[in-house]
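Asker: So here's run04.tsv, just TSV, C-alpha atoms:
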```tsv
chain	number	residue	atom	x	y	z
A	278	MET	CA	-44.17	-202.26	30.82
A	279	LYS	CA	-42.26	-199.22	29.64
A	280	ASP	CA	-44.48	-197.48	27.10
A	281	LYS	CA	-42.54	-194.46	25.81
A	282	PHE	CA	-40.11	-194.49	22.89
A	283	LEU	CA	-38.42	-191.84	20.76
A	284	LEU	CA	-39.80	-191.58	17.21
A	285	TYR	CA	-37.18	-189.81	15.11
A	286	GLY	CA	-38.30	-188.37	11.78
A	287	ALA	CA	-41.76	-188.02	13.28
A	288	ASN	CA	-42.98	-185.61	10.60
A	289	GLY	CA	-42.65	-188.23	7.85
A	290	TYR	CA	-45.55	-190.06	6.22
A	291	THR	CA	-44.95	-193.48	7.76
A	292	ALA	CA	-44.17	-191.95	11.15
A	293	GLY	CA	-47.59	-190.32	10.99
A	294	LEU	CA	-49.19	-193.75	10.76
A	295	ILE	CA	-47.05	-194.98	13.66
A	296	ILE	CA	-48.30	-192.04	15.73
A	297	GLU	CA	-51.88	-192.87	14.72
A	298	PHE	CA	-51.65	-196.57	15.64
A	299	ALA	CA	-49.35	-196.39	18.70
A	300	SER	CA	-52.16	-196.26	21.25
A	301	GLN	CA	-53.47	-199.60	19.95
A	302	TYR	CA	-50.29	-201.14	21.38
A	303	GLY	CA	-50.27	-199.17	24.61
A	304	LEU	CA	-47.27	-197.15	23.41
A	305	THR	CA	-46.57	-193.42	23.50
A	306	PRO	CA	-44.09	-191.91	21.04
A	307	VAL	CA	-42.07	-188.84	21.88
A	308	LEU	CA	-41.76	-186.98	18.60
A	309	ALA	CA	-38.34	-185.95	17.32
A	310	GLY	CA	-36.68	-184.56	14.23
A	311	ARG	CA	-34.26	-181.98	13.01
A	312	THR	CA	-36.66	-179.15	12.09
A	313	ALA	CA	-38.56	-177.32	14.83
A	314	SER	CA	-41.06	-175.83	12.38
A	315	LYS	CA	-42.21	-179.34	11.48
A	316	ILE	CA	-41.92	-181.16	14.81
A	317	GLU	CA	-43.34	-178.62	17.24
A	318	PRO	CA	-46.66	-178.05	15.41
A	319	LEU	CA	-47.07	-181.82	15.11
A	320	ALA	CA	-46.52	-182.22	18.84
A	321	LYS	CA	-49.10	-179.52	19.54
A	322	GLU	CA	-51.58	-181.16	17.19
A	323	THR	CA	-51.17	-184.63	18.72
A	324	GLY	CA	-50.64	-183.61	22.34
A	325	LEU	CA	-47.34	-185.53	22.44
A	326	ASP	CA	-43.97	-184.43	23.80
A	327	CYS	CA	-41.23	-183.54	21.35
A	328	LEU	CA	-37.50	-182.96	20.94
A	329	VAL	CA	-35.63	-181.17	18.16
A	330	PHE	CA	-32.09	-182.20	17.22
A	331	GLY	CA	-30.10	-183.02	14.11
A	332	LEU	CA	-27.77	-185.92	13.38
A	333	ASP	CA	-24.56	-184.00	12.74
A	334	ASP	CA	-23.42	-183.71	16.38
A	335	ALA	CA	-22.83	-187.02	18.20
A	336	ARG	CA	-22.91	-185.44	21.66
A	337	LYS	CA	-26.30	-183.79	21.05
A	338	ILE	CA	-27.78	-187.04	19.70
A	339	GLU	CA	-26.59	-188.94	22.77
A	340	GLU	CA	-27.96	-186.29	25.15
A	341	ALA	CA	-31.34	-186.40	23.41
A	342	ILE	CA	-31.80	-190.17	23.26
A	343	ALA	CA	-30.18	-191.17	26.59
A	344	PRO	CA	-33.44	-191.00	28.62
A	345	PHE	CA	-35.16	-193.46	26.28
A	346	ASP	CA	-35.08	-197.26	26.13
A	347	LEU	CA	-35.82	-197.36	22.39
A	348	VAL	CA	-35.42	-195.24	19.29
A	349	LEU	CA	-37.63	-195.99	16.28
A	350	HIS	CA	-35.76	-194.22	13.49
A	351	CYS	CA	-37.92	-193.09	10.53
A	352	ALA	CA	-35.78	-190.35	8.94
A	353	GLY	CA	-34.37	-191.58	5.65
A	354	PRO	CA	-32.63	-192.00	3.35
A	355	PHE	CA	-31.11	-194.27	5.97
A	356	VAL	CA	-27.88	-194.73	4.09
A	357	HIS	CA	-27.16	-191.16	5.31
A	358	THR	CA	-28.90	-191.14	8.69
A	359	ALA	CA	-28.61	-194.62	10.21
A	360	LYS	CA	-24.93	-194.59	11.17
A	361	PRO	CA	-24.95	-191.60	13.57
A	362	MET	CA	-28.13	-192.85	15.23
A	363	MET	CA	-26.82	-196.42	15.60
A	364	LYS	CA	-23.57	-195.17	17.11
A	365	ALA	CA	-25.45	-192.94	19.57
A	366	CYS	CA	-27.74	-195.82	20.57
A	367	ILE	CA	-24.74	-198.03	21.30
A	368	ALA	CA	-23.09	-195.26	23.32
A	369	THR	CA	-26.23	-194.65	25.41
A	370	LYS	CA	-27.37	-198.30	25.58
A	371	THR	CA	-30.62	-197.46	23.79
A	372	HIS	CA	-32.33	-200.07	21.61
A	373	TYR	CA	-32.40	-199.19	17.90
A	374	THR	CA	-34.99	-200.02	15.23
A	375	ASP	CA	-35.76	-198.41	11.88
A	376	ILE	CA	-37.89	-198.87	8.78
A	377	THR	CA	-35.14	-199.07	6.17
A	378	GLY	CA	-34.95	-201.38	3.20
A	379	GLU	CA	-31.41	-200.43	2.16
A	380	ILE	CA	-28.87	-203.24	1.92
A	381	GLU	CA	-26.05	-200.95	3.06
A	382	VAL	CA	-27.88	-200.18	6.31
A	383	PHE	CA	-28.46	-203.84	7.13
A	384	GLU	CA	-24.79	-204.54	6.52
A	385	LEU	CA	-23.92	-201.56	8.74
A	386	GLY	CA	-26.12	-203.00	11.47
A	387	ASN	CA	-24.35	-206.32	11.21
A	388	ALA	CA	-20.98	-204.55	11.42
A	389	PHE	CA	-22.11	-202.90	14.67
A	390	GLY	CA	-23.47	-206.18	16.02
A	391	GLU	CA	-20.68	-206.96	18.50
A	392	LYS	CA	-20.72	-203.43	19.93
A	393	ALA	CA	-24.50	-203.57	20.30
A	394	GLN	CA	-24.25	-206.93	22.05
A	395	ALA	CA	-21.61	-205.58	24.43
A	396	ALA	CA	-23.91	-202.64	25.19
A	397	GLY	CA	-26.76	-205.04	25.92
A	398	ILE	CA	-29.06	-203.56	23.27
A	399	THR	CA	-30.80	-204.94	20.23
A	400	LEU	CA	-30.20	-203.43	16.81
A	401	ILE	CA	-32.99	-204.26	14.33
A	402	PRO	CA	-33.07	-202.32	11.06
A	403	GLY	CA	-36.01	-203.00	8.77
A	404	THR	CA	-38.97	-203.42	11.10
A	405	GLY	CA	-41.51	-202.54	8.40
A	406	PHE	CA	-42.51	-203.79	4.96
A	407	ASP	CA	-38.80	-203.80	4.32
A	408	VAL	CA	-38.19	-206.58	5.43
A	409	VAL	CA	-40.60	-208.13	7.94
A	410	PRO	CA	-42.94	-210.12	5.64
A	411	THR	CA	-40.21	-211.27	3.27
A	412	ASP	CA	-37.89	-212.12	6.18
A	413	CYS	CA	-40.63	-214.14	7.89
A	414	ASN	CA	-41.38	-216.00	4.65
A	415	ALA	CA	-37.69	-216.77	4.18
A	416	LYS	CA	-37.48	-218.09	7.75
A	417	TYR	CA	-40.62	-220.19	7.26
A	418	LEU	CA	-39.23	-221.77	4.08
A	419	SER	CA	-35.81	-222.43	5.60
A	420	GLU	CA	-37.50	-224.27	8.47
A	421	LYS	CA	-39.33	-226.41	5.92
A	422	MET	CA	-36.04	-227.11	4.09
A	423	PRO	CA	-33.06	-226.86	6.48
A	424	ASP	CA	-30.61	-227.91	3.75
A	425	ALA	CA	-31.69	-225.20	1.28
A	426	THR	CA	-28.88	-223.66	-0.74
A	427	HIS	CA	-30.87	-221.16	-2.83
A	428	LEU	CA	-33.59	-218.67	-1.94
A	429	LYS	CA	-35.68	-216.52	-4.26
A	430	ILE	CA	-37.94	-213.79	-2.86
A	431	ALA	CA	-40.50	-211.68	-4.72
A	432	PHE	CA	-43.04	-209.06	-3.73
A	433	ALA	CA	-45.80	-207.05	-5.36
A	434	SER	CA	-47.79	-204.04	-4.23
A	435	ILE	CA	-51.34	-204.10	-5.54
A	436	GLY	CA	-53.20	-200.80	-5.68
A	437	GLY	CA	-50.83	-198.73	-3.54
A	438	ARG	CA	-48.50	-195.82	-4.19
A	439	LEU	CA	-45.20	-194.50	-2.86
A	440	SER	CA	-44.65	-192.04	-0.03
A	441	HIS	CA	-42.26	-189.10	-0.29
A	442	GLY	CA	-39.69	-190.93	1.82
A	443	THR	CA	-39.69	-194.11	-0.26
A	444	ALA	CA	-39.60	-192.19	-3.52
A	445	THR	CA	-36.76	-189.98	-2.28
A	446	THR	CA	-34.72	-193.04	-1.28
A	447	MET	CA	-35.29	-194.46	-4.76
A	448	ALA	CA	-34.14	-191.15	-6.28
A	449	GLU	CA	-30.99	-191.30	-4.14
A	450	ASN	CA	-30.23	-194.72	-5.64
A	451	LEU	CA	-30.83	-193.87	-9.29
A	452	GLY	CA	-28.06	-195.32	-11.43
A	453	ASN	CA	-26.81	-197.76	-8.81
A	454	SER	CA	-26.40	-201.44	-9.61
A	455	GLY	CA	-28.53	-204.31	-8.41
A	456	ALA	CA	-27.28	-206.97	-6.02
A	457	VAL	CA	-27.59	-210.67	-5.26
A	458	ARG	CA	-25.96	-212.91	-2.71
A	459	LYS	CA	-23.80	-215.65	-4.20
A	460	ASP	CA	-21.94	-218.23	-2.10
A	461	GLY	CA	-22.53	-216.05	0.96
A	462	LYS	CA	-21.22	-212.80	-0.52
A	463	ILE	CA	-23.15	-209.81	-1.86
A	464	ILE	CA	-22.14	-209.09	-5.45
A	465	PRO	CA	-23.29	-206.34	-7.86
A	466	VAL	CA	-25.42	-207.29	-10.86
A	467	PRO	CA	-27.44	-205.19	-13.31
A	468	ILE	CA	-30.95	-204.31	-12.12
A	469	GLY	CA	-33.42	-206.54	-13.94
A	470	HIS	CA	-30.76	-209.01	-15.05
A	471	LYS	CA	-33.23	-211.86	-14.46
A	472	ASN	CA	-37.00	-212.12	-14.97
A	473	MET	CA	-39.64	-214.67	-14.04
A	474	THR	CA	-43.39	-215.02	-13.71
A	475	VAL	CA	-44.39	-215.66	-10.11
A	476	ASP	CA	-47.50	-217.36	-8.76
A	477	PHE	CA	-48.33	-215.27	-5.69
A	478	GLY	CA	-51.27	-217.52	-4.87
A	479	GLU	CA	-53.86	-214.86	-5.69
A	480	LYS	CA	-52.44	-214.01	-9.13
A	481	GLN	CA	-49.46	-214.54	-11.41
A	482	LEU	CA	-47.24	-211.54	-12.05
A	483	PHE	CA	-44.14	-210.81	-14.12
A	484	THR	CA	-41.12	-209.86	-11.98
A	485	MET	CA	-37.51	-208.69	-12.33
A	486	THR	CA	-34.54	-208.67	-9.97
A	487	ILE	CA	-33.92	-205.63	-7.77
A	488	PRO	CA	-31.55	-205.02	-4.81
A	489	TRP	CA	-34.12	-205.60	-2.00
A	490	GLY	CA	-33.02	-205.65	1.63
A	491	ASP	CA	-33.35	-209.44	1.93
A	492	VAL	CA	-30.19	-209.86	-0.12
A	493	SER	CA	-28.59	-208.88	3.17
A	494	THR	CA	-31.03	-209.93	5.89
A	495	ALA	CA	-32.22	-213.32	4.62
A	496	TYR	CA	-28.67	-214.62	4.83
A	497	TYR	CA	-28.44	-213.75	8.53
A	498	THR	CA	-31.92	-215.13	9.15
A	499	THR	CA	-31.58	-218.42	7.28
A	500	GLY	CA	-27.90	-219.04	6.49
A	501	ILE	CA	-28.86	-219.71	2.85
A	502	PRO	CA	-25.85	-218.58	0.78
A	503	ASN	CA	-27.52	-217.79	-2.58
A	504	ILE	CA	-30.29	-215.21	-2.61
A	505	GLU	CA	-32.13	-213.29	-5.33
A	506	THR	CA	-34.91	-210.71	-4.84
A	507	TYR	CA	-37.60	-209.71	-7.36
A	508	THR	CA	-40.48	-207.25	-7.67
A	509	SER	CA	-43.45	-207.18	-10.02
A	510	VAL	CA	-43.13	-204.89	-13.05
A	511	PRO	CA	-44.73	-204.63	-16.48
A	512	PRO	CA	-42.77	-206.77	-18.98
A	513	LYS	CA	-41.92	-203.60	-20.96
A	514	THR	CA	-40.24	-202.11	-17.89
A	515	ALA	CA	-38.10	-205.21	-17.44
A	516	SER	CA	-37.15	-205.17	-21.12
A	517	TYR	CA	-36.21	-201.50	-20.89
A	518	ALA	CA	-34.09	-202.10	-17.79
A	519	LYS	CA	-32.21	-204.97	-19.39
A	520	LYS	CA	-31.53	-203.12	-22.65
A	521	TYR	CA	-30.85	-199.55	-21.60
A	522	LEU	CA	-30.01	-199.11	-17.91
A	523	LYS	CA	-26.33	-199.97	-18.35
A	524	PHE	CA	-26.04	-197.02	-20.75
A	525	LEU	CA	-28.20	-194.64	-18.69
A	526	ASN	CA	-26.80	-195.38	-15.22
A	527	PRO	CA	-23.91	-192.86	-15.45
A	528	ILE	CA	-26.46	-190.14	-16.26
A	529	LEU	CA	-28.96	-191.27	-13.61
A	530	LYS	CA	-26.24	-191.05	-10.95
A	531	THR	CA	-25.65	-187.35	-11.54
A	532	SER	CA	-26.84	-184.91	-8.89
A	533	PHE	CA	-28.74	-182.99	-11.59
A	534	VAL	CA	-31.00	-185.97	-12.41
A	535	ARG	CA	-31.42	-187.10	-8.81
A	536	ASN	CA	-32.29	-183.57	-7.60
A	537	TYR	CA	-34.71	-183.13	-10.50
A	538	GLN	CA	-36.54	-186.30	-9.42
A	539	LYS	CA	-36.62	-185.12	-5.80
A	540	ARG	CA	-38.21	-181.82	-6.84
A	541	LYS	CA	-40.90	-183.74	-8.72
A	542	ILE	CA	-41.49	-185.94	-5.65
A	543	ASP	CA	-41.91	-182.90	-3.39
A	544	LYS	CA	-44.84	-181.68	-5.53
A	545	LYS	CA	-46.80	-184.90	-5.01
A	546	PRO	CA	-48.98	-185.98	-2.04
A	547	ALA	CA	-47.04	-187.21	1.01
A	548	GLY	CA	-48.32	-190.76	0.56
A	549	PRO	CA	-51.38	-192.85	-0.20
A	550	SER	CA	-54.71	-191.78	1.30
A	551	PRO	CA	-56.45	-193.94	3.93
A	552	GLU	CA	-58.92	-195.03	1.25
A	553	VAL	CA	-56.12	-196.18	-1.07
A	554	ARG	CA	-54.35	-198.00	1.77
A	555	ALA	CA	-57.54	-199.77	2.81
A	556	LYS	CA	-58.08	-201.18	-0.69
A	557	ALA	CA	-54.44	-201.99	-1.48
A	558	LYS	CA	-52.49	-205.10	-0.46
A	559	SER	CA	-48.99	-206.52	-0.66
A	560	LEU	CA	-48.14	-209.98	-1.92
A	561	ILE	CA	-45.03	-211.91	-0.88
A	562	TRP	CA	-43.58	-215.05	-2.49
A	563	GLY	CA	-40.57	-217.20	-1.72
A	564	GLU	CA	-38.89	-220.33	-3.04
A	565	VAL	CA	-36.13	-222.46	-1.55
A	566	SER	CA	-34.27	-225.28	-3.25
A	567	ASN	CA	-31.48	-227.68	-2.28
A	568	GLU	CA	-28.75	-229.62	-4.03
A	569	LYS	CA	-31.13	-232.54	-4.55
A	570	GLY	CA	-33.30	-230.34	-6.75
A	571	GLU	CA	-36.16	-230.28	-4.25
A	572	VAL	CA	-38.24	-227.08	-4.18
A	573	ILE	CA	-40.67	-225.55	-1.67
A	574	LYS	CA	-42.66	-222.37	-2.28
A	575	ALA	CA	-44.84	-220.26	0.00
A	576	ALA	CA	-46.72	-216.97	-0.31
A	577	LEU	CA	-48.20	-214.33	1.97
A	578	SER	CA	-51.06	-211.93	1.40
A	579	CYS	CA	-50.61	-208.86	3.61
A	580	PRO	CA	-52.05	-205.39	4.21
A	581	GLU	CA	-50.76	-202.46	2.17
A	582	GLY	CA	-47.08	-201.75	2.78
A	583	TYR	CA	-47.24	-198.51	4.79
A	584	THR	CA	-50.03	-199.81	7.00
A	585	LEU	CA	-48.01	-202.98	7.52
A	586	THR	CA	-44.88	-200.97	8.36
A	587	ALA	CA	-46.62	-198.94	11.05
A	588	HIS	CA	-48.06	-202.02	12.73
A	589	THR	CA	-45.02	-204.31	12.55
A	590	SER	CA	-42.66	-201.58	13.78
A	591	LEU	CA	-44.96	-201.07	16.77
A	592	ILE	CA	-45.29	-204.82	17.40
A	593	ILE	CA	-41.51	-205.09	17.54
A	594	ALA	CA	-41.14	-201.93	19.64
A	595	LYS	CA	-43.62	-203.29	22.17
A	596	ARG	CA	-41.71	-206.57	22.42
A	597	ILE	CA	-38.41	-204.79	22.98
A	598	LEU	CA	-39.90	-202.46	25.60
A	599	SER	CA	-41.31	-205.55	27.33
A	600	ASP	CA	-37.72	-206.86	27.60
A	601	ASP	CA	-38.36	-209.46	24.89
A	602	PHE	CA	-35.20	-208.99	22.80
A	603	LYS	CA	-31.88	-210.51	21.83
A	604	PRO	CA	-28.79	-208.29	22.23
A	605	GLY	CA	-26.76	-207.45	19.15
A	606	PHE	CA	-27.72	-207.10	15.50
A	607	GLN	CA	-30.90	-209.00	14.65
A	608	THR	CA	-33.23	-209.47	11.73
A	609	PRO	CA	-36.96	-209.36	12.47
A	610	ALA	CA	-37.60	-213.07	11.86
A	611	GLY	CA	-34.23	-213.98	13.37
A	612	ALA	CA	-35.32	-212.30	16.59
A	613	TYR	CA	-39.01	-213.22	16.68
A	614	GLY	CA	-39.51	-216.17	14.33
A	615	SER	CA	-41.35	-216.87	11.11
A	616	ASN	CA	-44.77	-216.26	12.69
A	617	LEU	CA	-44.01	-212.65	13.61
A	618	ILE	CA	-45.89	-211.46	10.52
A	619	MET	CA	-48.90	-213.58	11.49
A	620	GLU	CA	-49.46	-211.32	14.52
A	621	LEU	CA	-50.75	-208.69	12.10
A	622	ASP	CA	-54.46	-208.81	11.22
A	623	GLY	CA	-55.24	-209.67	7.61
A	624	VAL	CA	-52.16	-211.79	6.85
A	625	LYS	CA	-52.66	-215.13	5.10
A	626	ARG	CA	-49.97	-217.73	4.33
A	627	VAL	CA	-50.23	-220.49	1.73
A	628	GLU	CA	-47.82	-223.07	0.33
A	629	ILE	CA	-47.80	-222.94	-3.45
```
Once more with this new file: its structure as structure tokens, please.

Answerer:
Amino acid sequence: MKDKFLLYGANGYTAGLIIEFASQYGLTPVLAGRTASKIEPLAKETGLDCLVFGLDDARKIEEAIAPFDLVLHCAGPFVHTAKPMMKACIATKTHYTDITGEIEVFELGNAFGEKAQAAGITLIPGTGFDVVPTDCNAKYLSEKMPDATHLKIAFASIGGRLSHGTATTMAENLGNSGAVRKDGKIIPVPIGHKNMTVDFGEKQLFTMTIPWGDVSTAYYTTGIPNIETYTSVPPKTASYAKKYLKFLNPILKTSFVRNYQKRKIDKKPAGPSPEVRAKAKSLIWGEVSNEKGEVIKAALSCPEGYTLTAHTSLIIAKRILSDDFKPGFQTPAGAYGSNLIMELDGVKRVEI
């Protein structure tokens, strides 16, 4: 089995966990990124090979990635970085995966699907917490109800905290609208326009709608045309979002506010400590319904999100490098089935 892959954005928090866990899967990352002062010391520390290149020159990207069978792209925000890397992977016939959760990036991957298929490579954005567990739960439910017309997905993170990368992506999206899929099309809606209390199996939590990646991916995985995604929040937060965001969004979109938030993020720890990750967990819930009014619900209890991301991205990378892949754009569960998430230790599934 081919064991080496290129890990781009290797100096990031989640990439650090991927480096830590890679040997468990018999894989060896070659570290890459745009800043030599960050990548080269990391390579020296870990004893791994490295490359330094940016994403603003297509020829240089292609030269760098051509020797590799797979790129695992971890340098966000992916709405800015995914396109040049996807195009280079198609040009060099290099498999592409990333750890995004951004709807725009999933839609970009789908748009590149025919070119990826012609190149004989697989293109799988979202091989981490965004969107592996939710995608697998959606696939599981759609198999239980093949005639489902509506899908609701919710998630909660219990005891964890955000990394710099996740928080920076959120800052980049301040002031943007939410999104749902209606009759097969993605349409904008206000963030938090709907609320509900969800039984995650272990506990009940209040949730509100957000533009999670499954608004894009679950449609390709299941064919269900109506999709809403929710996350747990305090009821006061949901009330605030519903009342005030429409007035604040124009201000939140300004570069002044977004850059201010990024400066605050840079002063915080890179991500949760090993102790925090060990105690934290993520909860996933899904519901499908059909025109007859029938309803099926299922939930997953999973490891903390960053730990999950490192492991699932490596599980998928190992499969691809073992020649277990489908050419073209794929979703995680579309490529590897609803039980993909069950390959990870500590995952439990229950029907509600």

Asker: For CA of Ser509 in chain A and CA of Thr484 in chain A, determine how far apart the two atoms are, in Å to one decimal place.

Answerer: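 So the answer is 4.1 Å.
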
Asker: Fewer than 5 positions away in the same chain doesn't count, so skip those; otherwise give me all residues within 12 Å of Glu297 in chain A, counting all atoms listed in the file, as a list in words.

Answerer: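 Once the nearby chain positions are removed, what remains is Ala287, Tyr290, Thr291, Ala292, Tyr302, Gly303, Leu304, Thr305, Pro306, Glu322, Thr323, Leu325, Pro551, Thr584, Ala587, His588 and Leu591 of chain A.
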
Asker: Go ahead and write the residues just picked, C-alpha atoms, as a compact mmCIF listing (two decimals), keeping the file's coordinate frame.

Answerer:
```txt
# COMPACT_ATOMS: atom_id res chain seq x y z
CA ALA A 287 -41.76 -188.02 13.28
CA TYR A 290 -45.55 -190.06 6.22
CA THR A 291 -44.95 -193.48 7.76
CA ALA A 292 -44.17 -191.95 11.15
CA TYR A 302 -50.29 -201.14 21.38
CA GLY A 303 -50.27 -199.17 24.61
CA LEU A 304 -47.27 -197.15 23.41
CA THR A 305 -46.57 -193.42 23.50
CA PRO A 306 -44.09 -191.91 21.04
CA GLU A 322 -51.58 -181.16 17.19
CA THR A 323 -51.17 -184.63 18.72
CA LEU A 325 -47.34 -185.53 22.44
CA PRO A 551 -56.45 -193.94 3.93
CA THR A 584 -50.03 -199.81 7.00
CA ALA A 587 -46.62 -198.94 11.05
CA HIS A 588 -48.06 -202.02 12.73
CA LEU A 591 -44.96 -201.07 16.77
```

Asker: Under the rule that all atoms listed in the file are counted, which of A:Asp280, A:Tyr583, A:Gln607, A:Thr506 is the nearest residue to Leu385 in chain A?

Answerer: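 The closest residue to Leu385 in chain A is A:Gln607.
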
Asker: Please write as a VMD selection string the list of polymer residues whose atoms come within 12 Å of (-56.4, -198.1, 2.8), counting all atoms listed in the file and keeping to the coordinates of the file.

Answerer: chain A and resid 294 435 to 438 548 to 559 580 to 585

Asker: Rank A:Glu384, A:Asp375, A:Asp460, A:Asp333 by their smallest atom-to-atom distance to Pro354 in chain A, using all atoms listed in the file, and report the top residue only.

Answerer: A:Asp375

Asker: Please report the interatomic distance between CA of Val329 in chain A and CA of Arg311 in chain A in Å with one decimal.

Answerer: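 So the two atoms, CA of Val329 in chain A and CA of Arg311 in chain A, lie 5.4 Å apart.
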
Asker: Any idea what's packed within 12 Å of Pro609 in chain A, counting all atoms listed in the file, ignoring anything in its chain fewer than 2 positions away? Could you give it as number ranges by chain?

Answerer: A: 374-376, 383, 399-416, 491, 494-495, 497-499, 589-590, 592-594, 596-597, 602-603, 606-607, 611-618

Asker: Is it possible to get the residues within 12 Å of (-23.1, -209.0, -5.0) (coordinates as in the file, counting all atoms listed in the file) written as a PyMOL selection string?

Answerer: chain A and resi 380-381+454-468+487-489+492-493+502-506

Asker: Could you tell me how far CA of Ala425 in chain A lies from CA of Gly623 in chain A, in Å and to one decimal?

Answerer: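 Spanning CA of Ala425 in chain A to CA of Gly623 in chain A is a straight-line distance of 28.9 Å.
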
Asker: Of the residues A:Pro318, A:Gly469, A:Gly378, A:Ala433, which is the one nearest to Leu482 in chain A, using all atoms listed in the file?

Answerer: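 Of the candidates, the smallest distance to Leu482 in chain A is held by A:Ala433.
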
Asker: Using all atoms listed in the file, which of A:Met422, A:Leu577, A:Leu621, A:Ile398 sits nearest Asp601 in chain A?

Answerer: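 Among the listed residues, A:Ile398 lies closest to Asp601 in chain A.
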
Asker: Which polymer residues have any atom within 9 Å of an atom of Asp476 in chain A, counting all atoms listed in the file, with same-chain residues fewer than 5 positions away left out, as a CSV table (one decimal) with C-alpha atoms, keeping the file's coordinate frame?

Answerer:
```csv
chain,number,residue,atom,x,y,z
A,481,GLN,CA,-49.5,-214.5,-11.4
A,482,LEU,CA,-47.2,-211.5,-12.0
A,562,TRP,CA,-43.6,-215.0,-2.5
A,576,ALA,CA,-46.7,-217.0,-0.3
A,629,ILE,CA,-47.8,-222.9,-3.4
```

Asker: List as a ChimeraX atom specification the protein and nucleic acid residues near Ala313 in chain A, meaning an atom at most 12 Å away when only C-alpha atoms are counted, but skip any in the same chain fewer than 3 places from it.

Answerer: /A:286-288,308-310,316-321,327-331

Asker: When you count all atoms listed in the file, which of these residues is closest to Leu332 in chain A: A:Pro512, A:Gly353, A:Gly478, A:Gly397?

Answerer: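 With all atoms listed in the file as the atom set, the closest residue is A:Gly353.
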
Asker: Rank nothing, just name the residue among A:Phe477, A:Val624, A:Val565, A:Cys351 nearest to Leu418 in chain A, using only C-alpha atoms.

Answerer: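 Selected residue with least distance to Leu418 in chain A: A:Val565.
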